[in-house]
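Enquirer: If it helps, the file is called work_8.cif and holds mmCIF, C-alpha atoms:
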data_target
#
loop_
_atom_site.group_PDB
_atom_site.id
_atom_site.type_symbol
_atom_site.label_atom_id
_atom_site.label_comp_id
_atom_site.auth_asym_id
_atom_site.auth_seq_id
_atom_site.Cartn_x
_atom_site.Cartn_y
_atom_site.Cartn_z
ATOM 1 C CA MET E 1 86.228 127.278 77.863
ATOM 2 C CA ASP E 2 84.189 124.112 77.451
ATOM 3 C CA GLU E 3 86.049 120.913 76.621
ATOM 4 C CA LEU E 4 86.296 120.203 72.901
ATOM 5 C CA ARG E 5 84.230 117.036 72.583
ATOM 6 C CA PHE E 6 83.670 114.549 69.765
ATOM 7 C CA ASP E 7 80.627 112.670 71.019
ATOM 8 C CA GLY E 8 78.936 110.950 68.079
ATOM 9 C CA ARG E 9 81.865 111.693 65.754
ATOM 10 C CA ALA E 10 83.911 109.049 63.932
ATOM 11 C CA VAL E 11 87.653 109.696 63.637
ATOM 12 C CA ILE E 12 90.251 107.871 61.554
ATOM 13 C CA VAL E 13 93.861 108.133 62.676
ATOM 14 C CA THR E 14 96.514 106.516 60.480
ATOM 15 C CA GLY E 15 99.814 105.425 61.924
ATOM 16 C CA ALA E 16 97.969 105.175 65.236
ATOM 17 C CA GLY E 17 99.709 102.105 66.612
ATOM 18 C CA ARG E 18 102.674 103.958 68.030
ATOM 19 C CA GLY E 19 104.106 107.360 68.888
ATOM 20 C CA VAL E 20 102.300 110.511 67.809
ATOM 21 C CA GLY E 21 99.450 108.617 66.146
ATOM 22 C CA ARG E 22 98.774 106.603 69.262
ATOM 23 C CA GLY E 23 98.556 109.870 71.203
ATOM 24 C CA HIS E 24 96.046 111.222 68.674
ATOM 25 C CA ALA E 25 93.867 108.120 68.883
ATOM 26 C CA MET E 26 93.886 108.034 72.672
ATOM 27 C CA THR E 27 93.118 111.748 72.987
ATOM 28 C CA PHE E 28 90.244 111.743 70.490
ATOM 29 C CA ALA E 29 88.769 108.678 72.207
ATOM 30 C CA SER E 30 89.041 110.299 75.635
ATOM 31 C CA ARG E 31 86.895 113.134 74.273
ATOM 32 C CA GLY E 32 84.088 110.885 73.083
ATOM 33 C CA ALA E 33 85.158 110.051 69.527
ATOM 34 C CA LYS E 34 84.693 106.646 67.951
ATOM 35 C CA VAL E 35 88.150 105.899 66.599
ATOM 36 C CA VAL E 36 89.521 103.791 63.767
ATOM 37 C CA VAL E 37 93.049 102.931 64.851
ATOM 38 C CA ALA E 38 94.752 102.396 61.501
ATOM 39 C CA ASP E 39 98.283 101.068 61.456
ATOM 40 C CA LEU E 40 100.239 98.712 59.239
ATOM 41 C CA GLY E 41 102.559 97.768 62.085
ATOM 42 C CA GLY E 42 105.535 97.911 59.739
ATOM 43 C CA ALA E 43 109.170 98.830 60.064
ATOM 44 C CA MET E 44 110.240 102.436 60.542
ATOM 45 C CA GLU E 45 111.816 102.553 57.077
ATOM 46 C CA GLY E 46 108.833 100.775 55.486
ATOM 47 C CA GLY E 47 107.929 97.148 54.942
ATOM 48 C CA GLY E 48 106.461 94.490 57.226
ATOM 49 C CA ARG E 49 103.003 94.038 58.682
ATOM 50 C CA ASP E 50 101.870 93.419 62.250
ATOM 51 C CA ALA E 51 98.353 93.816 63.641
ATOM 52 C CA GLY E 52 99.689 93.986 67.191
ATOM 53 C CA PRO E 53 100.252 97.757 67.570
ATOM 54 C CA ALA E 54 96.803 98.783 66.295
ATOM 55 C CA GLU E 55 95.028 96.096 68.301
ATOM 56 C CA GLN E 56 96.893 97.090 71.465
ATOM 57 C CA VAL E 57 95.790 100.723 71.154
ATOM 58 C CA VAL E 58 92.202 99.586 70.598
ATOM 59 C CA LYS E 59 92.395 97.548 73.810
ATOM 60 C CA GLU E 60 93.713 100.560 75.713
ATOM 61 C CA ILE E 61 90.907 102.772 74.420
ATOM 62 C CA GLN E 62 88.273 100.183 75.262
ATOM 63 C CA ALA E 63 89.750 99.626 78.716
ATOM 64 C CA ALA E 64 89.357 103.357 79.347
ATOM 65 C CA GLY E 65 85.685 103.176 78.346
ATOM 66 C CA GLY E 66 86.087 104.381 74.777
ATOM 67 C CA GLU E 67 85.041 102.930 71.443
ATOM 68 C CA ALA E 68 87.556 101.927 68.790
ATOM 69 C CA VAL E 69 88.277 99.409 66.043
ATOM 70 C CA ALA E 70 91.524 98.431 64.378
ATOM 71 C CA ALA E 71 92.312 98.674 60.669
ATOM 72 C CA VAL E 72 95.534 97.022 59.589
ATOM 73 C CA GLY E 73 96.517 98.264 56.162
ATOM 74 C CA SER E 74 99.005 100.255 54.142
ATOM 75 C CA VAL E 75 98.026 103.802 53.221
ATOM 76 C CA ALA E 76 100.446 103.442 50.287
ATOM 77 C CA GLU E 77 98.184 100.833 48.675
ATOM 78 C CA GLU E 78 95.015 102.341 47.204
ATOM 79 C CA ALA E 79 92.781 99.364 47.966
ATOM 80 C CA GLU E 80 94.017 99.167 51.540
ATOM 81 C CA ALA E 81 93.570 102.914 52.030
ATOM 82 C CA ARG E 82 89.957 102.529 50.893
ATOM 83 C CA SER E 83 89.520 99.625 53.298
ATOM 84 C CA ILE E 84 90.671 101.802 56.203
ATOM 85 C CA VAL E 85 87.951 104.335 55.455
ATOM 86 C CA GLN E 86 85.423 101.570 54.855
ATOM 87 C CA THR E 87 86.206 100.274 58.338
ATOM 88 C CA ALA E 88 84.860 103.535 59.749
ATOM 89 C CA ILE E 89 81.726 103.305 57.619
ATOM 90 C CA ASP E 90 81.102 99.669 58.560
ATOM 91 C CA ALA E 91 81.735 100.192 62.276
ATOM 92 C CA PHE E 92 80.339 103.682 62.846
ATOM 93 C CA GLY E 93 78.351 104.590 59.736
ATOM 94 C CA ARG E 94 80.239 107.822 59.134
ATOM 95 C CA VAL E 95 83.589 109.614 58.773
ATOM 96 C CA ASP E 96 83.845 113.014 60.420
ATOM 97 C CA VAL E 97 87.569 113.456 60.980
ATOM 98 C CA VAL E 98 90.626 112.068 59.229
ATOM 99 C CA VAL E 99 94.082 112.476 60.726
ATOM 100 C CA ASN E 100 96.754 111.413 58.241
ATOM 101 C CA ASN E 101 99.682 110.613 60.483
ATOM 102 C CA ALA E 102 101.212 107.446 58.989
ATOM 103 C CA GLY E 103 104.828 107.884 57.997
ATOM 104 C CA ILE E 104 108.262 106.341 57.715
ATOM 105 C CA ALA E 105 111.829 107.623 57.974
ATOM 106 C CA ASP E 106 114.934 106.695 56.025
ATOM 107 C CA PRO E 107 117.427 109.584 56.307
ATOM 108 C CA ASP E 108 120.495 109.679 54.090
ATOM 109 C CA LEU E 109 122.603 112.015 51.997
ATOM 110 C CA PHE E 110 121.140 112.689 48.564
ATOM 111 C CA GLY E 111 123.985 110.976 46.731
ATOM 112 C CA ASP E 112 123.379 107.782 48.693
ATOM 113 C CA MET E 113 119.638 107.693 48.022
ATOM 114 C CA THR E 114 118.006 105.618 45.295
ATOM 115 C CA MET E 115 114.852 106.227 43.312
ATOM 116 C CA ALA E 116 113.269 103.240 45.042
ATOM 117 C CA ARG E 117 113.791 104.917 48.401
ATOM 118 C CA PHE E 118 112.398 108.220 47.099
ATOM 119 C CA ARG E 119 109.334 106.458 45.696
ATOM 120 C CA LEU E 120 108.695 104.672 48.991
ATOM 121 C CA MET E 121 108.780 107.988 50.853
ATOM 122 C CA THR E 122 106.376 109.531 48.362
ATOM 123 C CA ASP E 123 104.104 106.470 48.323
ATOM 124 C CA VAL E 124 103.673 106.512 52.098
ATOM 125 C CA HIS E 125 103.680 110.200 53.012
ATOM 126 C CA TYR E 126 102.181 111.863 49.948
ATOM 127 C CA HIS E 127 100.230 109.220 48.050
ATOM 128 C CA GLY E 128 99.147 107.670 51.347
ATOM 129 C CA THR E 129 97.688 110.984 52.463
ATOM 130 C CA VAL E 130 95.998 111.553 49.105
ATOM 131 C CA GLN E 131 94.512 108.050 48.986
ATOM 132 C CA ILE E 132 92.989 108.258 52.456
ATOM 133 C CA CYS E 133 91.552 111.678 51.589
ATOM 134 C CA LEU E 134 90.161 110.378 48.296
ATOM 135 C CA ALA E 135 88.418 107.527 50.076
ATOM 136 C CA ALA E 136 86.962 109.754 52.801
ATOM 137 C CA TRP E 137 86.072 112.684 50.542
ATOM 138 C CA PRO E 138 82.725 111.435 49.126
ATOM 139 C CA HIS E 139 81.451 110.791 52.638
ATOM 140 C CA MET E 140 82.410 114.269 53.800
ATOM 141 C CA VAL E 141 80.972 115.922 50.704
ATOM 142 C CA ALA E 142 77.701 114.031 51.140
ATOM 143 C CA ALA E 143 77.521 115.156 54.761
ATOM 144 C CA GLY E 144 78.618 118.704 53.975
ATOM 145 C CA TYR E 145 80.999 118.390 56.890
ATOM 146 C CA GLY E 146 84.467 117.109 57.650
ATOM 147 C CA ARG E 147 87.819 117.819 59.186
ATOM 148 C CA ILE E 148 91.078 116.617 57.619
ATOM 149 C CA VAL E 149 94.336 116.982 59.507
ATOM 150 C CA ASN E 150 97.404 116.104 57.459
ATOM 151 C CA THR E 151 100.931 115.803 58.785
ATOM 152 C CA THR E 152 103.757 117.802 57.284
ATOM 153 C CA SER E 153 107.210 118.529 58.713
ATOM 154 C CA GLU E 154 109.675 121.340 59.155
ATOM 155 C CA GLY E 155 111.957 118.964 57.300
ATOM 156 C CA ALA E 156 110.165 119.995 54.110
ATOM 157 C CA PHE E 157 111.756 123.430 54.373
ATOM 158 C CA GLY E 158 115.446 122.641 54.500
ATOM 159 C CA VAL E 159 116.054 122.646 58.251
ATOM 160 C CA ILE E 160 116.892 118.947 58.714
ATOM 161 C CA PRO E 161 119.959 117.279 57.157
ATOM 162 C CA LYS E 162 119.677 114.127 55.057
ATOM 163 C CA ALA E 163 115.982 114.714 54.363
ATOM 164 C CA THR E 164 115.666 114.990 50.579
ATOM 165 C CA GLY E 165 113.419 111.913 50.513
ATOM 166 C CA TYR E 166 111.428 112.627 53.648
ATOM 167 C CA GLY E 167 111.392 116.401 53.224
ATOM 168 C CA GLY E 168 110.374 116.176 49.582
ATOM 169 C CA ALA E 169 107.438 113.921 50.417
ATOM 170 C CA LYS E 170 106.338 116.129 53.310
ATOM 171 C CA GLY E 171 106.605 119.173 51.055
ATOM 172 C CA ALA E 172 104.179 117.463 48.691
ATOM 173 C CA VAL E 173 101.778 116.944 51.613
ATOM 174 C CA PHE E 174 102.052 120.644 52.454
ATOM 175 C CA SER E 175 101.185 121.776 48.920
ATOM 176 C CA PHE E 176 98.438 119.184 48.514
ATOM 177 C CA THR E 177 96.799 120.256 51.764
ATOM 178 C CA ARG E 178 96.796 123.914 50.775
ATOM 179 C CA ALA E 179 95.207 123.090 47.412
ATOM 180 C CA LEU E 180 92.660 120.697 48.932
ATOM 181 C CA SER E 181 91.578 123.266 51.500
ATOM 182 C CA LEU E 182 90.673 125.590 48.626
ATOM 183 C CA ASP E 183 88.645 122.873 46.881
ATOM 184 C CA ALA E 184 86.902 122.087 50.173
ATOM 185 C CA LYS E 185 85.307 125.542 50.302
ATOM 186 C CA ARG E 186 82.864 124.404 47.604
ATOM 187 C CA PHE E 187 81.363 121.624 49.700
ATOM 188 C CA GLY E 188 80.089 122.995 52.960
ATOM 189 C CA ASP E 189 81.903 122.961 56.267
ATOM 190 C CA ILE E 190 84.945 120.896 55.310
ATOM 191 C CA ARG E 191 88.242 122.148 56.723
ATOM 192 C CA VAL E 192 91.689 120.876 55.747
ATOM 193 C CA ASN E 193 94.744 121.793 57.796
ATOM 194 C CA MET E 194 98.117 120.453 58.903
ATOM 195 C CA ILE E 195 100.206 119.749 61.934
ATOM 196 C CA SER E 196 103.991 119.683 61.991
ATOM 197 C CA PRO E 197 104.964 117.573 65.012
ATOM 198 C CA ARG E 198 107.936 118.048 67.252
ATOM 199 C CA ALA E 199 108.103 114.759 69.076
ATOM 200 C CA SER E 200 110.471 112.111 70.314
ATOM 201 C CA THR E 201 109.497 108.853 68.569
ATOM 202 C CA ARG E 202 111.236 105.940 66.905
ATOM 203 C CA MET E 203 111.641 108.224 63.870
ATOM 204 C CA SER E 204 113.709 110.590 66.024
ATOM 205 C CA SER E 205 115.498 108.032 68.196
ATOM 206 C CA PRO E 206 119.098 108.674 69.307
ATOM 207 C CA GLN E 207 120.227 106.265 66.580
ATOM 208 C CA ILE E 208 118.329 108.112 63.851
ATOM 209 C CA LEU E 209 119.314 111.564 65.131
ATOM 210 C CA GLY E 210 122.950 110.516 65.433
ATOM 211 C CA HIS E 211 122.969 109.326 61.828
ATOM 212 C CA THR E 212 121.109 112.404 60.614
ATOM 213 C CA MET E 213 123.239 114.959 62.456
ATOM 214 C CA ASP E 214 126.545 113.053 62.160
ATOM 215 C CA LEU E 215 126.933 113.074 65.939
ATOM 216 C CA PRO E 216 127.427 110.281 68.500
ATOM 217 C CA GLU E 217 124.186 108.627 69.621
ATOM 218 C CA GLU E 218 125.180 109.347 73.229
ATOM 219 C CA VAL E 219 124.596 113.061 72.640
ATOM 220 C CA PHE E 220 120.914 112.406 72.091
ATOM 221 C CA GLU E 221 120.529 109.613 74.653
ATOM 222 C CA LYS E 222 121.389 112.112 77.394
ATOM 223 C CA SER E 223 119.274 114.916 75.992
ATOM 224 C CA PRO E 224 116.419 116.170 78.237
ATOM 225 C CA THR E 225 114.381 116.937 75.124
ATOM 226 C CA LEU E 226 113.431 113.254 74.789
ATOM 227 C CA ASP E 227 111.039 113.686 77.700
ATOM 228 C CA THR E 228 110.074 117.264 76.874
ATOM 229 C CA TYR E 229 108.868 116.266 73.427
ATOM 230 C CA ARG E 230 106.690 113.335 74.408
ATOM 231 C CA PRO E 231 104.558 112.198 71.424
ATOM 232 C CA GLU E 232 101.241 112.754 73.157
ATOM 233 C CA LEU E 233 101.967 116.476 73.508
ATOM 234 C CA VAL E 234 101.408 116.889 69.760
ATOM 235 C CA SER E 235 97.819 115.706 69.954
ATOM 236 C CA SER E 236 96.315 118.928 71.297
ATOM 237 C CA ALA E 237 96.855 120.530 67.878
ATOM 238 C CA ALA E 238 95.373 117.567 66.027
ATOM 239 C CA VAL E 239 92.306 117.591 68.268
ATOM 240 C CA PHE E 240 91.800 121.346 67.884
ATOM 241 C CA LEU E 241 92.110 121.175 64.089
ATOM 242 C CA GLY E 242 89.758 118.192 64.039
ATOM 243 C CA HIS E 243 87.030 119.872 66.068
ATOM 244 C CA GLU E 244 83.836 121.322 64.594
ATOM 245 C CA SER E 245 84.649 124.717 66.120
ATOM 246 C CA CYS E 246 87.856 125.060 64.087
ATOM 247 C CA THR E 247 87.477 127.519 61.202
ATOM 248 C CA LEU E 248 91.061 127.499 59.907
ATOM 249 C CA ASP E 249 91.754 126.611 56.260
ATOM 250 C CA GLY E 250 95.054 125.361 54.849
ATOM 251 C CA GLU E 251 96.986 126.329 57.966
ATOM 252 C CA THR E 252 99.916 124.592 59.622
ATOM 253 C CA LEU E 253 100.413 124.364 63.375
ATOM 254 C CA ILE E 254 103.809 123.290 64.659
ATOM 255 C CA CYS E 255 103.195 121.563 67.956
ATOM 256 C CA GLY E 256 105.372 119.854 70.536
ATOM 257 C CA GLY E 257 106.843 120.238 73.999
ATOM 258 C CA GLY E 258 103.939 122.359 75.190
ATOM 259 C CA GLN E 259 104.343 124.909 72.396
ATOM 260 C CA VAL E 260 102.190 125.650 69.372
ATOM 261 C CA MET E 261 103.003 128.093 66.578
ATOM 262 C CA ARG E 262 101.863 128.975 63.088
ATOM 263 C CA MET E 263 103.998 128.079 60.078
ATOM 264 C CA ALA E 264 103.046 130.049 56.959
ATOM 265 C CA LEU E 265 104.126 131.061 53.481
ATOM 266 C CA ILE E 266 104.996 134.713 52.992
ATOM 267 C CA GLN E 267 105.594 136.891 49.951
ATOM 268 C CA ASN E 268 107.139 140.337 49.678
ATOM 269 C CA GLU E 269 106.612 143.209 47.258
ATOM 270 C CA GLY E 270 109.923 142.509 45.571
ATOM 271 C CA PHE E 271 111.456 144.718 42.908
ATOM 272 C CA THR E 272 109.756 145.822 39.685
ATOM 273 C CA LYS E 273 111.263 147.251 36.510
ATOM 274 C CA ALA E 274 110.088 147.315 32.914
ATOM 275 C CA GLY E 275 112.274 145.196 30.644
ATOM 276 C CA LEU E 276 113.756 143.379 33.633
ATOM 277 C CA THR E 277 117.196 141.871 32.969
ATOM 278 C CA PRO E 278 119.411 139.501 34.970
ATOM 279 C CA GLU E 279 121.665 142.466 35.695
ATOM 280 C CA ASP E 280 118.716 144.405 37.160
ATOM 281 C CA ILE E 281 118.073 141.527 39.522
ATOM 282 C CA ALA E 282 121.741 141.390 40.519
ATOM 283 C CA GLU E 283 121.816 145.115 41.221
ATOM 284 C CA ASN E 284 118.569 145.059 43.217
ATOM 285 C CA ILE E 285 118.761 141.684 44.911
ATOM 286 C CA ASP E 286 118.520 143.254 48.377
ATOM 287 C CA ALA E 287 115.167 144.808 47.484
ATOM 288 C CA ALA E 288 113.966 141.552 45.956
ATOM 289 C CA MET E 289 114.902 139.668 49.123
ATOM 290 C CA ASP E 290 113.675 142.239 51.648
ATOM 291 C CA MET E 291 110.907 140.637 53.728
ATOM 292 C CA SER E 292 110.278 143.579 56.056
ATOM 293 C CA ASN E 293 106.853 144.220 54.493
ATOM 294 C CA ALA E 294 106.054 140.643 53.551
ATOM 295 C CA ARG E 295 102.508 139.314 53.856
ATOM 296 C CA ILE E 296 101.183 135.841 54.476
ATOM 297 C CA ILE E 297 99.886 134.063 51.369
ATOM 298 C CA GLN E 298 96.265 133.268 52.158
ATOM 299 C CA ILE E 299 94.295 130.363 50.716
ATOM 300 C CA GLY E 300 92.569 131.443 47.531
ATOM 301 C CA VAL E 301 94.440 134.744 47.276
ATOM 302 C CA GLN E 302 96.209 135.078 43.952
ATOM 303 C CA GLN E 303 99.401 136.958 43.289
ATOM 304 C CA GLY E 304 98.805 140.686 43.362
ATOM 305 C CA GLU E 305 95.619 140.387 45.484
ATOM 306 C CA HIS E 306 97.270 141.017 48.854
#
As structure tokens - that is how I would like this structure written.

Expert:
Amino acid sequence: MDELRFDGRAVIVTGAGRGVGRGHAMTFASRGAKVVVADLGGAMEGGGRDAGPAEQVVKEIQAAGGEAVAAVGSVAEEAEARSIVQTAIDAFGRVDVVVNNAGIADPDLFGDMTMARFRLMTDVHYHGTVQICLAAWPHMVAAGYGRIVNTTSEGAFGVIPKATGYGGAKGAVFSFTRALSLDAKRFGDIRVNMISPRASTRMSSPQILGHTMDLPEEVFEKSPTLDTYRPELVSSAAVFLGHESCTLDGETLICGGGQVMRMALIQNEGFTKAGLTPEDIAENIDAAMDMSNARIIQIGVQQGEH
């Protein structure tokens, strides 16, 4: 198969100064893309500002013969999100691909969380994703073309402890992406999909994992998975979903450690009875929960249209 190239394309990657985002930016650039390396350079739990990480990635791309510019801004601030997209327009005259990767982590038990911490998670992960999409959308609609790759997490589905803030925000990204992919069908070849990374970054450091799992940090410091799940191994999925040949809509690819898999919503036939009562549900709960004949919920397919 021919290499998936991005010659002449302009790509925005948020959270591109470190970790998974850095891998995305470097990989797109190595395949001919002109890249906006967007990163606030803030703390893992939010706050702070440092142009250094974004500028360093730009230097690395340029040293390898690629083309890139830095955009230092917060996706959580609407004006700054618009400025990130405007950077692509000013530098490259277009926006073809947006990869919403920027994120923070602040794991804790629900009872120890505060509304301020919940709002920060939502502002960065969900509102940040929406604001970048809103700023890029008119350009994609005008061109009749675009690829949006948002970042969700398995943590949105109850598989990671102490993730009510993070998981809730990532769940919002999941639902938003599904809905946006349906809207996109009206405006030409615009595709909106998601990746769910499995990667070892500062958001999954031994310190963070130890706190999250209530285990000694040493357990994770000695784990071979830290090398197996190198951040750059996630980028193959982002690049595929960002390419013009991709025809997926509203899909999620889990990617990491050399593995890629589909994550999807499913729905079964359930149990039906006229005049349904709570007692009917109790008596037939096994039938209601039976997923043996479940089907994947497709974008744009309403209940009963399987």

Enquirer: Could you tell me which residues the PyMOL selection byres ((chain E and resi 150) around 9) grabs in this file, written as a PyMOL selection string?

Expert: chain E and resi 98-101+129+148-149+151-152+173-174+177+192-196+238

Enquirer: For the residues selected in the previous step, produce a file with C-alpha atoms as an mmCIF file, in the frame of the given file.

Expert:
data_model
loop_
_atom_site.group_PDB
_atom_site.id
_atom_site.type_symbol
_atom_site.label_atom_id
_atom_site.label_comp_id
_atom_site.auth_asym_id
_atom_site.auth_seq_id
_atom_site.Cartn_x
_atom_site.Cartn_y
_atom_site.Cartn_z
ATOM 1 C CA VAL E 98 90.626 112.068 59.229
ATOM 2 C CA VAL E 99 94.082 112.476 60.726
ATOM 3 C CA ASN E 100 96.754 111.413 58.241
ATOM 4 C CA ASN E 101 99.682 110.613 60.483
ATOM 5 C CA THR E 129 97.688 110.984 52.463
ATOM 6 C CA ILE E 148 91.078 116.617 57.619
ATOM 7 C CA VAL E 149 94.336 116.982 59.507
ATOM 8 C CA THR E 151 100.931 115.803 58.785
ATOM 9 C CA THR E 152 103.757 117.802 57.284
ATOM 10 C CA VAL E 173 101.778 116.944 51.613
ATOM 11 C CA PHE E 174 102.052 120.644 52.454
ATOM 12 C CA THR E 177 96.799 120.256 51.764
ATOM 13 C CA VAL E 192 91.689 120.876 55.747
ATOM 14 C CA ASN E 193 94.744 121.793 57.796
ATOM 15 C CA MET E 194 98.117 120.453 58.903
ATOM 16 C CA ILE E 195 100.206 119.749 61.934
ATOM 17 C CA SER E 196 103.991 119.683 61.991
ATOM 18 C CA ALA E 238 95.373 117.567 66.027
#

Enquirer: I would like the residues chosen by the PyMOL selection byres ((chain E and resi 180) around 12) on the shown file; could you give them as a ChimeraX atom specification?

Expert: /E:129-130,133-134,137,147-150,172-179,181-187,190-194,249-251,299-300

Enquirer: Write out as a count of residues only the residues lying within 9 Å of Ala102 (chain E), counting only C-alpha atoms and excluding same-chain residues fewer than 4 positions away.

Expert: 15

Enquirer: Using all atoms listed in the file, which residue out of E:Ala156, E:Ala282, E:Ala70, E:Met261 lies closest to Val85 (chain E)?

Expert: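 When distances to Val85 (chain E) are compared using all atoms listed in the file, the smallest one comes from E:Ala70.
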
Enquirer: Which is closest to His24 (chain E) among E:Val37, E:Leu4, E:Met113, E:Ala91, if we use all atoms listed in the file?

Expert: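 The closest residue to His24 (chain E) is E:Val37.
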
Enquirer: Any idea what the distance is between CA of Arg5 (chain E) and CA of Leu241 (chain E)?

Expert: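 According to the coordinates, CA of Arg5 (chain E) and CA of Leu241 (chain E) are separated by 12.3 Å.
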
Enquirer: Pull out every residue that the PyMOL selection byres ((chain E and resi 166) around 9) matches in the shown coordinates and put them as a PyMOL selection string.

Expert: chain E and resi 104-107+118+121-122+125+153+155-156+162-165+167-171

Enquirer: For Gly32 (chain E), which of E:Val234, E:Val239, E:Ile281, E:Ala142 is the closest residue, counting all atoms listed in the file?

Expert: E:Val239

Enquirer: Nearest to His139 (chain E): which of E:Ala116, E:Val69, E:Ile160, E:Val97 is it, counting only C-alpha atoms?

Expert: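 Distance minimum relative to His139 (chain E) lands on E:Val97.
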
Enquirer: Name the closest residue to Arg31 (chain E) among the candidates E:Thr272, E:Ser236, E:Gln298, E:Asn293; distances are taken between atoms, counting all atoms listed in the file.

Expert: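 Smallest distance to Arg31 (chain E) is found for E:Ser236.
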
Enquirer: Tell me, in Å to one decimal, how far CA of Ala68 (chain E) is from CA of Val35 (chain E).

Expert: 4.6 Å

Enquirer: Using CA of Gln267 (chain E) and CA of Arg295 (chain E) as the two end points, give the distance in Å to one decimal.

Expert: 5.5 Å

Enquirer: For Leu253 (chain E), which residue out of E:Gln86, E:Arg119, E:Gly275, E:Arg198 is the nearest one, using only C-alpha atoms?

Expert: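 Nearest candidate to Leu253 (chain E) out of E:Gln86, E:Arg119, E:Gly275, E:Arg198: E:Arg198.
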
Enquirer: Near Gly42 (chain E), counting only C-alpha atoms, which residues have an atom at most 10 Å away, once you skip same-chain residues fewer than 3 positions from it, shown as a ChimeraX atom specification?

Expert: /E:15,17,39,45-51,53,73-74,104

Enquirer: Please produce region 184-200 of chain E, completed to N, CA and C atoms, as a compact mmCIF listing (two decimals), keeping the file's coordinate frame.

Expert:
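See out05.txt below for the written result:
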# COMPACT_ATOMS: atom_id res chain seq x y z
N ALA E 184 87.89 122.44 49.14
CA ALA E 184 86.90 122.09 50.17
C ALA E 184 85.87 123.18 50.39
N LYS E 185 86.23 124.42 50.08
CA LYS E 185 85.31 125.54 50.30
C LYS E 185 84.02 125.42 49.49
N ARG E 186 84.04 124.58 48.45
CA ARG E 186 82.86 124.40 47.60
C ARG E 186 81.82 123.46 48.22
N PHE E 187 82.20 122.75 49.28
CA PHE E 187 81.36 121.62 49.70
C PHE E 187 80.92 121.70 51.16
N GLY E 188 80.59 122.88 51.61
CA GLY E 188 80.09 123.00 52.96
C GLY E 188 81.20 123.20 53.97
N ASP E 189 80.97 122.73 55.16
CA ASP E 189 81.90 122.96 56.27
C ASP E 189 82.96 121.86 56.33
N ILE E 190 83.82 121.83 55.33
CA ILE E 190 84.94 120.90 55.31
C ILE E 190 86.22 121.71 55.45
N ARG E 191 87.01 121.41 56.45
CA ARG E 191 88.24 122.15 56.72
C ARG E 191 89.44 121.20 56.61
N VAL E 192 90.49 121.69 55.97
CA VAL E 192 91.69 120.88 55.75
C VAL E 192 92.90 121.66 56.22
N ASN E 193 93.60 121.12 57.21
CA ASN E 193 94.74 121.79 57.80
C ASN E 193 95.87 120.79 58.07
N MET E 194 96.94 121.29 58.65
CA MET E 194 98.12 120.45 58.90
C MET E 194 98.68 120.66 60.29
N ILE E 195 99.34 119.62 60.77
CA ILE E 195 100.21 119.75 61.93
C ILE E 195 101.62 119.39 61.51
N SER E 196 102.58 120.01 62.17
CA SER E 196 103.99 119.68 61.99
C SER E 196 104.52 119.31 63.36
N PRO E 197 104.63 118.01 63.65
CA PRO E 197 104.96 117.57 65.01
C PRO E 197 106.43 117.81 65.38
N ARG E 198 106.62 118.11 66.64
CA ARG E 198 107.94 118.05 67.25
C ARG E 198 107.82 117.03 68.38
N ALA E 199 108.33 115.84 68.12
CA ALA E 199 108.10 114.76 69.08
C ALA E 199 109.26 113.77 69.06
N SER E 200 109.46 113.15 70.19
CA SER E 200 110.47 112.11 70.31
C SER E 200 109.80 110.76 70.08
